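data.pdb follows; it contains PDB, C-alpha atoms and all ligand atoms.
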```
ATOM      1  CA  MET G  62      22.127  18.403  15.231  1.00  0.00           C
ATOM      2  CA  ILE G  63      22.192  15.859  12.399  1.00  0.00           C
ATOM      3  CA  ARG G  64      23.188  12.398  13.658  1.00  0.00           C
ATOM      4  CA  ALA G  65      21.849   9.954  11.077  1.00  0.00           C
ATOM      5  CA  PHE G  66      21.236   9.377   7.394  1.00  0.00           C
ATOM      6  CA  LEU G  67      18.315   7.335   6.070  1.00  0.00           C
ATOM      7  CA  PHE G  68      18.713   6.040   2.525  1.00  0.00           C
ATOM      8  CA  ASP G  69      16.000   4.959   0.148  1.00  0.00           C
ATOM      9  CA  LEU G  70      17.111   2.032  -2.044  1.00  0.00           C
ATOM     10  CA  ASP G  71      15.612   2.088  -5.539  1.00  0.00           C
ATOM     11  CA  GLY G  72      16.742   5.245  -7.356  1.00  0.00           C
ATOM     12  CA  VAL G  73      19.182   6.318  -4.633  1.00  0.00           C
ATOM     13  CA  ILE G  74      21.559   3.374  -4.186  1.00  0.00           C
ATOM     14  CA  VAL G  75      20.717   1.300  -7.278  1.00  0.00           C
ATOM     15  CA  ASP G  76      18.426   1.654 -10.266  1.00  0.00           C
ATOM     16  CA  THR G  77      16.169  -1.333  -9.653  1.00  0.00           C
ATOM     17  CA  ALA G  78      13.288   0.608 -11.273  1.00  0.00           C
ATOM     18  CA  LYS G  79      14.301  -0.838 -14.636  1.00  0.00           C
ATOM     19  CA  TYR G  80      13.926  -4.382 -13.304  1.00  0.00           C
ATOM     20  CA  HIS G  81      10.589  -3.540 -11.657  1.00  0.00           C
ATOM     21  CA  TYR G  82       9.517  -2.194 -15.054  1.00  0.00           C
ATOM     22  CA  MET G  83      10.655  -5.299 -16.960  1.00  0.00           C
ATOM     23  CA  ALA G  84       8.765  -7.533 -14.511  1.00  0.00           C
ATOM     24  CA  TRP G  85       5.547  -5.455 -14.558  1.00  0.00           C
ATOM     25  CA  LYS G  86       5.757  -5.223 -18.371  1.00  0.00           C
ATOM     26  CA  ARG G  87       6.084  -9.009 -18.686  1.00  0.00           C
ATOM     27  CA  LEU G  88       3.087  -9.551 -16.409  1.00  0.00           C
ATOM     28  CA  SER G  89       1.031  -6.850 -18.154  1.00  0.00           C
ATOM     29  CA  GLU G  90       1.656  -8.383 -21.574  1.00  0.00           C
ATOM     30  CA  GLU G  91       0.543 -11.787 -20.307  1.00  0.00           C
ATOM     31  CA  LEU G  92      -2.632 -10.238 -18.928  1.00  0.00           C
ATOM     32  CA  GLY G  93      -3.269  -8.102 -22.021  1.00  0.00           C
ATOM     33  CA  LEU G  94      -2.901  -4.899 -19.985  1.00  0.00           C
ATOM     34  CA  SER G  95      -1.444  -1.685 -21.374  1.00  0.00           C
ATOM     35  CA  PHE G  96       1.648  -0.452 -19.478  1.00  0.00           C
ATOM     36  CA  ASP G  97       4.616   1.593 -20.706  1.00  0.00           C
ATOM     37  CA  ILE G  98       7.788   3.232 -19.384  1.00  0.00           C
ATOM     38  CA  ARG G  99       5.976   6.526 -18.648  1.00  0.00           C
ATOM     39  CA  ASP G 100       3.387   4.689 -16.537  1.00  0.00           C
ATOM     40  CA  ASN G 101       6.310   3.179 -14.628  1.00  0.00           C
ATOM     41  CA  GLU G 102       7.206   6.608 -13.165  1.00  0.00           C
ATOM     42  CA  ALA G 103       4.095   6.496 -10.966  1.00  0.00           C
ATOM     43  CA  LEU G 104       5.258   3.185  -9.461  1.00  0.00           C
ATOM     44  CA  LYS G 105       8.550   4.495  -8.040  1.00  0.00           C
ATOM     45  CA  GLY G 106       8.656   4.326  -4.253  1.00  0.00           C
ATOM     46  CA  VAL G 107       5.166   2.787  -4.191  1.00  0.00           C
ATOM     47  CA  SER G 108       4.449  -0.651  -2.649  1.00  0.00           C
ATOM     48  CA  ARG G 109       4.128  -3.744  -4.832  1.00  0.00           C
ATOM     49  CA  ARG G 110       0.371  -4.115  -4.354  1.00  0.00           C
ATOM     50  CA  ARG G 111      -0.309  -0.419  -4.858  1.00  0.00           C
ATOM     51  CA  SER G 112       1.807  -0.568  -8.044  1.00  0.00           C
ATOM     52  CA  PHE G 113      -0.445  -3.255  -9.490  1.00  0.00           C
ATOM     53  CA  GLU G 114      -3.571  -1.360  -8.455  1.00  0.00           C
ATOM     54  CA  ILE G 115      -2.201   1.637 -10.419  1.00  0.00           C
ATOM     55  CA  ILE G 116      -1.692  -0.580 -13.506  1.00  0.00           C
ATOM     56  CA  LEU G 117      -5.242  -1.921 -13.153  1.00  0.00           C
ATOM     57  CA  GLY G 118      -6.499   1.676 -12.783  1.00  0.00           C
ATOM     58  CA  ILE G 119      -4.753   2.760 -16.007  1.00  0.00           C
ATOM     59  CA  ASN G 120      -6.602  -0.056 -17.778  1.00  0.00           C
ATOM     60  CA  GLY G 121      -9.948   0.552 -16.055  1.00  0.00           C
ATOM     61  CA  LYS G 122      -9.865  -3.025 -14.719  1.00  0.00           C
ATOM     62  CA  GLU G 123     -10.781  -4.569 -11.397  1.00  0.00           C
ATOM     63  CA  MET G 124      -9.700  -7.859  -9.844  1.00  0.00           C
ATOM     64  CA  SER G 125     -10.466  -9.791  -6.685  1.00  0.00           C
ATOM     65  CA  ASP G 126      -8.083  -9.669  -3.743  1.00  0.00           C
ATOM     66  CA  GLU G 127      -6.888 -13.195  -4.477  1.00  0.00           C
ATOM     67  CA  GLU G 128      -6.219 -12.419  -8.145  1.00  0.00           C
ATOM     68  CA  ILE G 129      -4.279  -9.271  -7.204  1.00  0.00           C
ATOM     69  CA  GLU G 130      -2.148 -11.229  -4.721  1.00  0.00           C
ATOM     70  CA  ALA G 131      -1.439 -13.959  -7.305  1.00  0.00           C
ATOM     71  CA  CYS G 132      -0.425 -11.361  -9.913  1.00  0.00           C
ATOM     72  CA  CYS G 133       1.856  -9.573  -7.435  1.00  0.00           C
ATOM     73  CA  GLN G 134       3.481 -12.900  -6.559  1.00  0.00           C
ATOM     74  CA  LYS G 135       4.072 -13.646 -10.239  1.00  0.00           C
ATOM     75  CA  LYS G 136       5.551 -10.196 -10.835  1.00  0.00           C
ATOM     76  CA  ASN G 137       7.896 -10.732  -7.901  1.00  0.00           C
ATOM     77  CA  ASP G 138       9.046 -14.092  -9.294  1.00  0.00           C
ATOM     78  CA  TYR G 139       9.959 -12.315 -12.547  1.00  0.00           C
ATOM     79  CA  TYR G 140      11.624  -9.456 -10.642  1.00  0.00           C
ATOM     80  CA  LEU G 141      13.728 -11.899  -8.600  1.00  0.00           C
ATOM     81  CA  GLU G 142      15.026 -13.502 -11.812  1.00  0.00           C
ATOM     82  CA  TYR G 143      16.586 -10.121 -12.636  1.00  0.00           C
ATOM     83  CA  ILE G 144      17.679  -9.343  -9.072  1.00  0.00           C
ATOM     84  CA  TYR G 145      19.583 -12.642  -8.784  1.00  0.00           C
ATOM     85  CA  GLN G 146      21.771 -11.330 -11.640  1.00  0.00           C
ATOM     86  CA  LEU G 147      22.414  -7.967  -9.911  1.00  0.00           C
ATOM     87  CA  LYS G 148      26.118  -7.011  -9.691  1.00  0.00           C
ATOM     88  CA  LYS G 149      27.844  -4.601  -7.308  1.00  0.00           C
ATOM     89  CA  GLU G 150      28.936  -2.565 -10.363  1.00  0.00           C
ATOM     90  CA  GLU G 151      25.303  -1.398 -10.567  1.00  0.00           C
ATOM     91  CA  ILE G 152      25.584   0.643  -7.364  1.00  0.00           C
ATOM     92  CA  LEU G 153      24.995   4.254  -8.380  1.00  0.00           C
ATOM     93  CA  PRO G 154      28.201   6.339  -8.591  1.00  0.00           C
ATOM     94  CA  GLY G 155      29.612   7.796  -5.380  1.00  0.00           C
ATOM     95  CA  VAL G 156      27.098   6.254  -2.923  1.00  0.00           C
ATOM     96  CA  THR G 157      29.447   3.834  -1.183  1.00  0.00           C
ATOM     97  CA  ASP G 158      32.188   6.470  -0.806  1.00  0.00           C
ATOM     98  CA  PHE G 159      29.593   8.819   0.668  1.00  0.00           C
ATOM     99  CA  MET G 160      28.393   6.178   3.159  1.00  0.00           C
ATOM    100  CA  LYS G 161      31.980   5.301   4.125  1.00  0.00           C
ATOM    101  CA  GLU G 162      32.758   8.958   4.783  1.00  0.00           C
ATOM    102  CA  ALA G 163      29.519   9.388   6.764  1.00  0.00           C
ATOM    103  CA  SER G 164      30.320   6.377   8.972  1.00  0.00           C
ATOM    104  CA  SER G 165      33.862   7.562   9.605  1.00  0.00           C
ATOM    105  CA  LEU G 166      32.468  10.932  10.725  1.00  0.00           C
ATOM    106  CA  GLY G 167      30.187   9.145  13.209  1.00  0.00           C
ATOM    107  CA  TYR G 168      26.832   9.377  11.424  1.00  0.00           C
ATOM    108  CA  LYS G 169      24.504   6.395  11.792  1.00  0.00           C
ATOM    109  CA  ILE G 170      23.080   4.881   8.614  1.00  0.00           C
ATOM    110  CA  ALA G 171      19.795   3.087   7.954  1.00  0.00           C
ATOM    111  CA  LEU G 172      17.936   1.881   4.905  1.00  0.00           C
ATOM    112  CA  GLY G 173      14.332   3.070   4.537  1.00  0.00           C
ATOM    113  CA  SER G 174      12.857   1.232   1.555  1.00  0.00           C
ATOM    114  CA  ALA G 175       9.413   0.054   0.504  1.00  0.00           C
ATOM    115  CA  SER G 176      10.932  -3.078  -1.021  1.00  0.00           C
ATOM    116  CA  LYS G 177      10.395  -6.486   0.548  1.00  0.00           C
ATOM    117  CA  ASN G 178      13.450  -7.640  -1.405  1.00  0.00           C
ATOM    118  CA  SER G 179      15.854  -5.072   0.018  1.00  0.00           C
ATOM    119  CA  ARG G 180      17.923  -7.535   2.122  1.00  0.00           C
ATOM    120  CA  LEU G 181      18.626  -9.631  -0.960  1.00  0.00           C
ATOM    121  CA  ILE G 182      19.505  -6.526  -3.002  1.00  0.00           C
ATOM    122  CA  LEU G 183      21.946  -5.261  -0.335  1.00  0.00           C
ATOM    123  CA  GLU G 184      23.569  -8.714  -0.239  1.00  0.00           C
ATOM    124  CA  LYS G 185      23.882  -8.847  -4.033  1.00  0.00           C
ATOM    125  CA  LEU G 186      25.475  -5.385  -4.031  1.00  0.00           C
ATOM    126  CA  GLU G 187      27.724  -6.427  -1.098  1.00  0.00           C
ATOM    127  CA  ILE G 188      26.798  -3.363   0.953  1.00  0.00           C
ATOM    128  CA  THR G 189      24.901  -4.882   3.918  1.00  0.00           C
ATOM    129  CA  PRO G 190      27.718  -3.975   6.366  1.00  0.00           C
ATOM    130  CA  TYR G 191      27.304  -0.269   5.576  1.00  0.00           C
ATOM    131  CA  PHE G 192      23.929  -0.188   7.365  1.00  0.00           C
ATOM    132  CA  ASP G 193      23.383   0.015  11.109  1.00  0.00           C
ATOM    133  CA  GLU G 194      19.671  -0.779  10.567  1.00  0.00           C
ATOM    134  CA  VAL G 195      17.551  -1.972   7.656  1.00  0.00           C
ATOM    135  CA  ILE G 196      13.890  -0.943   7.629  1.00  0.00           C
ATOM    136  CA  ASP G 197      11.977  -2.173   4.603  1.00  0.00           C
ATOM    137  CA  GLY G 198       8.631  -3.389   3.298  1.00  0.00           C
ATOM    138  CA  THR G 199       8.836  -6.478   5.528  1.00  0.00           C
ATOM    139  CA  LYS G 200       8.886  -4.335   8.688  1.00  0.00           C
ATOM    140  CA  VAL G 201       6.269  -1.649   8.052  1.00  0.00           C
ATOM    141  CA  SER G 202       2.554  -1.728   7.397  1.00  0.00           C
ATOM    142  CA  LYS G 203       2.087   1.742   5.916  1.00  0.00           C
ATOM    143  CA  ALA G 204       3.681   2.676   2.590  1.00  0.00           C
ATOM    144  CA  LYS G 205       5.333   6.028   1.767  1.00  0.00           C
ATOM    145  CA  PRO G 206       4.137   8.860   1.818  1.00  0.00           C
ATOM    146  CA  ASP G 207       3.366   7.635   5.355  1.00  0.00           C
ATOM    147  CA  PRO G 208       6.503   8.352   7.431  1.00  0.00           C
ATOM    148  CA  GLU G 209       6.436   4.963   9.236  1.00  0.00           C
ATOM    149  CA  VAL G 210       9.506   3.511   7.457  1.00  0.00           C
ATOM    150  CA  PHE G 211      11.681   6.528   8.319  1.00  0.00           C
ATOM    151  CA  LEU G 212      10.323   7.005  11.860  1.00  0.00           C
ATOM    152  CA  LYS G 213      11.073   3.370  12.571  1.00  0.00           C
ATOM    153  CA  GLY G 214      14.561   3.857  11.141  1.00  0.00           C
ATOM    154  CA  ALA G 215      15.199   6.797  13.479  1.00  0.00           C
ATOM    155  CA  GLU G 216      13.822   4.872  16.446  1.00  0.00           C
ATOM    156  CA  GLU G 217      16.001   1.809  15.777  1.00  0.00           C
ATOM    157  CA  LEU G 218      19.061   4.010  15.339  1.00  0.00           C
ATOM    158  CA  GLY G 219      18.237   5.719  18.643  1.00  0.00           C
ATOM    159  CA  VAL G 220      17.991   9.235  17.189  1.00  0.00           C
ATOM    160  CA  LYS G 221      15.212  11.826  16.984  1.00  0.00           C
ATOM    161  CA  PRO G 222      13.458  12.467  13.628  1.00  0.00           C
ATOM    162  CA  GLU G 223      14.832  16.055  13.569  1.00  0.00           C
ATOM    163  CA  GLU G 224      18.349  14.579  13.718  1.00  0.00           C
ATOM    164  CA  CYS G 225      17.907  12.684  10.442  1.00  0.00           C
ATOM    165  CA  ILE G 226      18.499  13.449   6.782  1.00  0.00           C
ATOM    166  CA  VAL G 227      16.511  11.299   4.329  1.00  0.00           C
ATOM    167  CA  PHE G 228      17.877  10.663   0.814  1.00  0.00           C
ATOM    168  CA  GLU G 229      15.045   9.995  -1.606  1.00  0.00           C
ATOM    169  CA  ASP G 230      14.293   9.992  -5.328  1.00  0.00           C
ATOM    170  CA  SER G 231      10.497   9.692  -5.192  1.00  0.00           C
ATOM    171  CA  LEU G 232       7.861  12.275  -4.363  1.00  0.00           C
ATOM    172  CA  ALA G 233       6.164   9.807  -2.008  1.00  0.00           C
ATOM    173  CA  GLY G 234       9.465   9.394  -0.150  1.00  0.00           C
ATOM    174  CA  ILE G 235      10.134  13.132   0.167  1.00  0.00           C
ATOM    175  CA  MET G 236       6.593  13.586   1.514  1.00  0.00           C
ATOM    176  CA  ALA G 237       7.213  10.777   4.015  1.00  0.00           C
ATOM    177  CA  ALA G 238      10.393  12.510   5.248  1.00  0.00           C
ATOM    178  CA  ARG G 239       8.588  15.818   5.611  1.00  0.00           C
ATOM    179  CA  LYS G 240       5.649  14.274   7.454  1.00  0.00           C
ATOM    180  CA  GLY G 241       8.186  12.627   9.776  1.00  0.00           C
ATOM    181  CA  HIS G 242       9.795  16.046  10.533  1.00  0.00           C
ATOM    182  CA  MET G 243      13.067  15.018   8.939  1.00  0.00           C
ATOM    183  CA  LYS G 244      15.316  16.916   6.557  1.00  0.00           C
ATOM    184  CA  SER G 245      15.097  15.667   2.974  1.00  0.00           C
ATOM    185  CA  VAL G 246      17.651  15.501   0.184  1.00  0.00           C
ATOM    186  CA  GLY G 247      16.170  14.830  -3.256  1.00  0.00           C
ATOM    187  CA  VAL G 248      18.372  12.609  -5.422  1.00  0.00           C
ATOM    188  CA  ALA G 249      18.560  12.513  -9.237  1.00  0.00           C
ATOM    189  CA  ASN G 250      14.859  12.973 -10.004  1.00  0.00           C
ATOM    190  CA  PRO G 251      14.157  16.620 -11.068  1.00  0.00           C
ATOM    191  CA  GLU G 252      10.483  16.105 -10.117  1.00  0.00           C
ATOM    192  CA  VAL G 253      11.381  16.266  -6.417  1.00  0.00           C
ATOM    193  CA  GLU G 254      13.632  19.330  -6.682  1.00  0.00           C
ATOM    194  CA  ASP G 255      10.971  21.795  -5.547  1.00  0.00           C
ATOM    195  CA  CYS G 256       9.753  19.884  -2.510  1.00  0.00           C
ATOM    196  CA  CYS G 257      12.995  18.762  -0.813  1.00  0.00           C
ATOM    197  CA  ASP G 258      15.300  20.757   1.494  1.00  0.00           C
ATOM    198  CA  TYR G 259      18.260  20.234  -0.830  1.00  0.00           C
ATOM    199  CA  PHE G 260      18.744  18.532  -4.191  1.00  0.00           C
ATOM    200  CA  ILE G 261      21.679  16.584  -5.637  1.00  0.00           C
ATOM    201  CA  SER G 262      21.860  15.064  -9.111  1.00  0.00           C
ATOM    202  CA  GLY G 263      23.839  12.132  -7.655  1.00  0.00           C
ATOM    203  CA  PHE G 264      26.455  11.251  -5.028  1.00  0.00           C
ATOM    204  CA  SER G 265      29.526  11.667  -7.261  1.00  0.00           C
ATOM    205  CA  GLY G 266      31.707  14.270  -5.583  1.00  0.00           C
ATOM    206  CA  ALA G 267      29.194  14.858  -2.760  1.00  0.00           C
ATOM    207  CA  ASP G 268      30.944  15.785   0.488  1.00  0.00           C
ATOM    208  CA  VAL G 269      29.258  14.774   3.762  1.00  0.00           C
ATOM    209  CA  ARG G 270      30.244  17.870   5.776  1.00  0.00           C
ATOM    210  CA  VAL G 271      29.271  20.274   2.976  1.00  0.00           C
ATOM    211  CA  LEU G 272      25.935  18.545   2.453  1.00  0.00           C
ATOM    212  CA  VAL G 273      25.028  18.570   6.160  1.00  0.00           C
ATOM    213  CA  LYS G 274      25.845  22.275   6.283  1.00  0.00           C
ATOM    214  CA  LYS G 275      23.712  23.035   3.229  1.00  0.00           C
ATOM    215  CA  VAL G 276      20.761  21.023   4.527  1.00  0.00           C
ATOM    216  CA  SER G 277      20.750  22.008   8.164  1.00  0.00           C
ATOM    217  CA  GLY G 278      22.948  25.090   8.391  1.00  0.00           C
ATOM    218  CA  GLU G 279      25.220  23.313  10.951  1.00  0.00           C
TER     219      GLU G 279
HETATM  220  P1  LIG J   1       9.124  -4.901  -3.811  1.00  0.00           P
HETATM  221  P2  LIG J   1      12.225   2.052  -2.714  1.00  0.00           P
HETATM  222  C1  LIG J   1      10.373   0.620  -4.015  1.00  0.00           C
HETATM  223  O1  LIG J   1      11.690   0.767  -3.560  1.00  0.00           O
HETATM  224  C2  LIG J   1      10.328   0.782  -5.528  1.00  0.00           C
HETATM  225  O2  LIG J   1      10.684   2.118  -5.895  1.00  0.00           O
HETATM  226  C3  LIG J   1       8.935   0.502  -6.014  1.00  0.00           C
HETATM  227  O3  LIG J   1       8.868   0.626  -7.426  1.00  0.00           O
HETATM  228  C4  LIG J   1       8.527  -0.926  -5.577  1.00  0.00           C
HETATM  229  O4  LIG J   1       7.198  -1.210  -5.983  1.00  0.00           O
HETATM  230  C5  LIG J   1       8.652  -1.019  -4.062  1.00  0.00           C
HETATM  231  O5  LIG J   1       9.968  -0.708  -3.672  1.00  0.00           O
HETATM  232  C6  LIG J   1       8.292  -2.399  -3.543  1.00  0.00           C
HETATM  233  O6  LIG J   1       9.265  -3.318  -3.970  1.00  0.00           O
HETATM  234  O7  LIG J   1       8.147  -5.386  -4.834  1.00  0.00           O
HETATM  235  O8  LIG J   1      10.538  -5.378  -4.038  1.00  0.00           O
HETATM  236  O9  LIG J   1       8.654  -5.179  -2.400  1.00  0.00           O
HETATM  237  O10 LIG J   1      12.339   3.175  -3.717  1.00  0.00           O
HETATM  238  O11 LIG J   1      11.269   2.336  -1.570  1.00  0.00           O
HETATM  239  O12 LIG J   1      13.571   1.554  -2.246  1.00  0.00           O
HETATM  240 MG    MG J   2      13.210   5.163  -4.509  1.00  0.00          MG
END
```

Go ahead and express the file in the form of structure tokens.
Ligand code: B16
Ligand code: MG
Amino acid sequence: MIRAFLFDLDGVIVDTAKYHYMAWKRLSEELGLSFDIRDNEALKGVSRRRSFEIILGINGKEMSDEEIEACCQKKNDYYLEYIYQLKKEEILPGVTDFMKEASSLGYKIALGSASKNSRLILEKLEITPYFDEVIDGTKVSKAKPDPEVFLKGAEELGVKPEECIVFEDSLAGIMAARKGHMKSVGVANPEVEDCCDYFISGFSGADVRVLVKKVSGE
């Protein structure tokens, strides 16, 4: 029986990918590295450090550990400049209504995000109270596609992995849900359509009972 929903953040609740892109682009230009919007696709759902390693890989460059850390810190300073301006109007359509309906039907809700900035983002969007638990990049050591973030979410909510539905827009996130023996709903990104249990283009008009039935047959 499904008892809980685990939500990814970037690409599911809010499109922070554009701000990640602006920050990585700014850093890349300063460093003379090539990086464009298509390259940015590979960074979705991936940890900050791994994202920079991908950018270095595209450019055939290597850096010391210390240099990588300093660059990641700089990128995050740029990213935070954008995030401080984030408004609740940027929440993707239908998500809050869906979470409200889910809570009223008794489903538990957790965030399962790679971002170390997720608490700030939830505050800016004024949706912190919607979550029973928040598991993010500050609480896990292994990045998606490792299932750690979602398994921890299930554990903290007090439910079994098989009782969870994960909402994800990235391939890494869908893989993490599958490895964790959870049901997966792909959101918005057509690239995940073939590997999730059920796909929605967005939450507008999505009905909790109908979705649970489609995903789990309950
Ligand atoms: P931060 P998600 C992910 O969020 C983003 O999709 C990814 O692009 C980013 O690198 C990662 O968070 C880490 O974010 O630099 O804020 O710690 O999709 O897992 O909610
Ligand atoms: Mg995402």

Within 6 Å of ligand LIG 1 (chain J): each chain G residue with its shortest pair, only C-alpha atoms and all ligand atoms, as JSON lines:
```
{"residue": "G:Asp69", "atom": "CA", "partner": "J:LIG1", "partner_atom": "O12", "distance": 4.8}
{"residue": "G:Leu70", "atom": "CA", "partner": "J:LIG1", "partner_atom": "O12", "distance": 3.6}
{"residue": "G:Asp71", "atom": "CA", "partner": "J:LIG1", "partner_atom": "O10", "distance": 3.9}
{"residue": "G:Ala78", "atom": "CA", "partner": "J:LIG1", "partner_atom": "O3", "distance": 5.9}
{"residue": "G:Leu104", "atom": "CA", "partner": "J:LIG1", "partner_atom": "O3", "distance": 4.9}
{"residue": "G:Lys105", "atom": "CA", "partner": "J:LIG1", "partner_atom": "O2", "distance": 3.8}
{"residue": "G:Gly106", "atom": "CA", "partner": "J:LIG1", "partner_atom": "O2", "distance": 3.4}
{"residue": "G:Val107", "atom": "CA", "partner": "J:LIG1", "partner_atom": "C3", "distance": 4.8}
{"residue": "G:Ser108", "atom": "CA", "partner": "J:LIG1", "partner_atom": "C6", "distance": 4.3}
{"residue": "G:Arg109", "atom": "CA", "partner": "J:LIG1", "partner_atom": "O4", "distance": 4.1}
{"residue": "G:Ser112", "atom": "CA", "partner": "J:LIG1", "partner_atom": "O4", "distance": 5.8}
{"residue": "G:Ser174", "atom": "CA", "partner": "J:LIG1", "partner_atom": "O11", "distance": 3.7}
{"residue": "G:Ala175", "atom": "CA", "partner": "J:LIG1", "partner_atom": "O11", "distance": 3.6}
{"residue": "G:Ser176", "atom": "CA", "partner": "J:LIG1", "partner_atom": "O9", "distance": 3.4}
{"residue": "G:Lys177", "atom": "CA", "partner": "J:LIG1", "partner_atom": "O9", "distance": 3.7}
{"residue": "G:Asn178", "atom": "CA", "partner": "J:LIG1", "partner_atom": "O8", "distance": 4.5}
{"residue": "G:Gly198", "atom": "CA", "partner": "J:LIG1", "partner_atom": "O9", "distance": 6.0}
```

Surrounding residues of Asp126 (chain G) excluding itself and chain neighbours under 3 positions, 12 Å, all atoms listed in the file, as number ranges by chain: G: 110, 113-114, 123, 129-133

Of the listed residues G:Leu212, G:Ala237, G:Ile98, G:Leu117, that which approaches ligand MG 2 (chain J) most closely, counting only C-alpha atoms and all ligand atoms: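 When distances to ligand MG 2 (chain J) are compared using only C-alpha atoms and all ligand atoms, the smallest one comes from G:Ala237.
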
Report as CSV: every residue of chain G with an atom at most 12 Å from ligand MG 2 (chain J), its closest pair of atoms, and their distance in Å to one decimal, counting all atoms listed in the file, with rows sorted by chain and ascending residue number.
```
residue,atom,partner,partner_atom,distance
G:Leu67,CA,J:MG2,MG,11.9
G:Phe68,CA,J:MG2,MG,9.0
G:Asp69,CA,J:MG2,MG,5.4
G:Leu70,CA,J:MG2,MG,5.6
G:Asp71,CA,J:MG2,MG,4.0
G:Gly72,CA,J:MG2,MG,4.5
G:Val73,CA,J:MG2,MG,6.1
G:Ile74,CA,J:MG2,MG,8.5
G:Val75,CA,J:MG2,MG,8.9
G:Asp76,CA,J:MG2,MG,8.5
G:Thr77,CA,J:MG2,MG,8.8
G:Ala78,CA,J:MG2,MG,8.2
G:Lys79,CA,J:MG2,MG,11.8
G:His81,CA,J:MG2,MG,11.6
G:Glu102,CA,J:MG2,MG,10.6
G:Ala103,CA,J:MG2,MG,11.2
G:Leu104,CA,J:MG2,MG,9.6
G:Lys105,CA,J:MG2,MG,5.9
G:Gly106,CA,J:MG2,MG,4.6
G:Val107,CA,J:MG2,MG,8.4
G:Ser108,CA,J:MG2,MG,10.7
G:Leu172,CA,J:MG2,MG,11.0
G:Gly173,CA,J:MG2,MG,9.4
G:Ser174,CA,J:MG2,MG,7.2
G:Ala175,CA,J:MG2,MG,8.1
G:Ser176,CA,J:MG2,MG,9.2
G:Ser179,CA,J:MG2,MG,11.5
G:Asp197,CA,J:MG2,MG,11.8
G:Lys205,CA,J:MG2,MG,10.1
G:Pro206,CA,J:MG2,MG,11.7
G:Val227,CA,J:MG2,MG,11.3
G:Phe228,CA,J:MG2,MG,9.0
G:Glu229,CA,J:MG2,MG,5.9
G:Asp230,CA,J:MG2,MG,5.0
G:Ser231,CA,J:MG2,MG,5.3
G:Leu232,CA,J:MG2,MG,8.9
G:Ala233,CA,J:MG2,MG,8.8
G:Gly234,CA,J:MG2,MG,7.1
G:Ile235,CA,J:MG2,MG,9.7
G:Ala237,CA,J:MG2,MG,11.8
G:Gly247,CA,J:MG2,MG,10.2
G:Val248,CA,J:MG2,MG,9.1
G:Ala249,CA,J:MG2,MG,10.2
G:Asn250,CA,J:MG2,MG,9.7
G:Val253,CA,J:MG2,MG,11.4
```

Å distance separating CA of Lys213 (chain G) from CA of Ile63 (chain G), one decimal place: 16.7 Å

Between CA of Pro251 (chain G) and CA of Gly263 (chain G), distance in Å (one decimal):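 One can read the CA of Pro251 (chain G) to CA of Gly263 (chain G) distance as 11.2 Å.
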
Ground truth for the PyMOL selection byres (((chain G and resi 265) around 12) and not hetatm), written as a list of chain:residue names: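 This file gives the following for the PyMOL selection byres (((chain G and resi 265) around 12) and not hetatm): G:Val73, G:Ile74, G:Ile152, G:Leu153, G:Pro154, G:Gly155, G:Val156, G:Thr157, G:Asp158, G:Phe159, G:Met160, G:Val248, G:Ala249, G:Ile261, G:Ser262, G:Gly263, G:Phe264, G:Gly266, G:Ala267, G:Asp268, G:Val269.
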
Which of G:Phe211, G:Tyr191, G:Tyr140, G:Phe96 sits closest to Gly241 (chain G) [using only C-alpha atoms]: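 Closest candidate: G:Phe211.
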
Of the listed residues G:Leu186, G:Ala204, G:Ile226, G:Ile144, that which approaches Arg111 (chain G) most closely, counting only C-alpha atoms: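 Answer, going by the shortest atom-to-atom distance: G:Ala204.
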
Test item: the PyMOL selection byres (((chain G and resi 274-277) around 8) and not hetatm) resolved as JSON, numbers by chain: {"G": [63, 244, 245, 246, 258, 259, 270, 271, 272, 273, 278, 279]}

Nearest candidate to Tyr139 (chain G) (options G:Lys200, G:Lys185, G:Lys122, G:Arg87; using all atoms listed in the file): G:Arg87

For CA of Glu90 (chain G) and CA of Thr199 (chain G), the interatomic separation in Å (one decimal):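 Between CA of Glu90 (chain G) and CA of Thr199 (chain G) the gap is 28.1 Å.
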
Picked residues, the PyMOL selection byres (((chain G and resi 168) around 12) and not hetatm), expected as a PyMOL selection string: chain G and resi 62-67+159-167+169-171+191-193+218-220+224-226+269-270+273

Option closest in space to Glu150 (chain G), from G:Ile196, G:Ile188, G:Glu91, G:Glu223 [counting all atoms listed in the file]: G:Ile188

Residue nearest Gly214 (chain G) - candidates G:Ile182, G:Met243, G:Pro190, G:Ile115, atoms counted: only C-alpha atoms: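 Residue with the minimum atom-to-atom distance to Gly214 (chain G): G:Met243.
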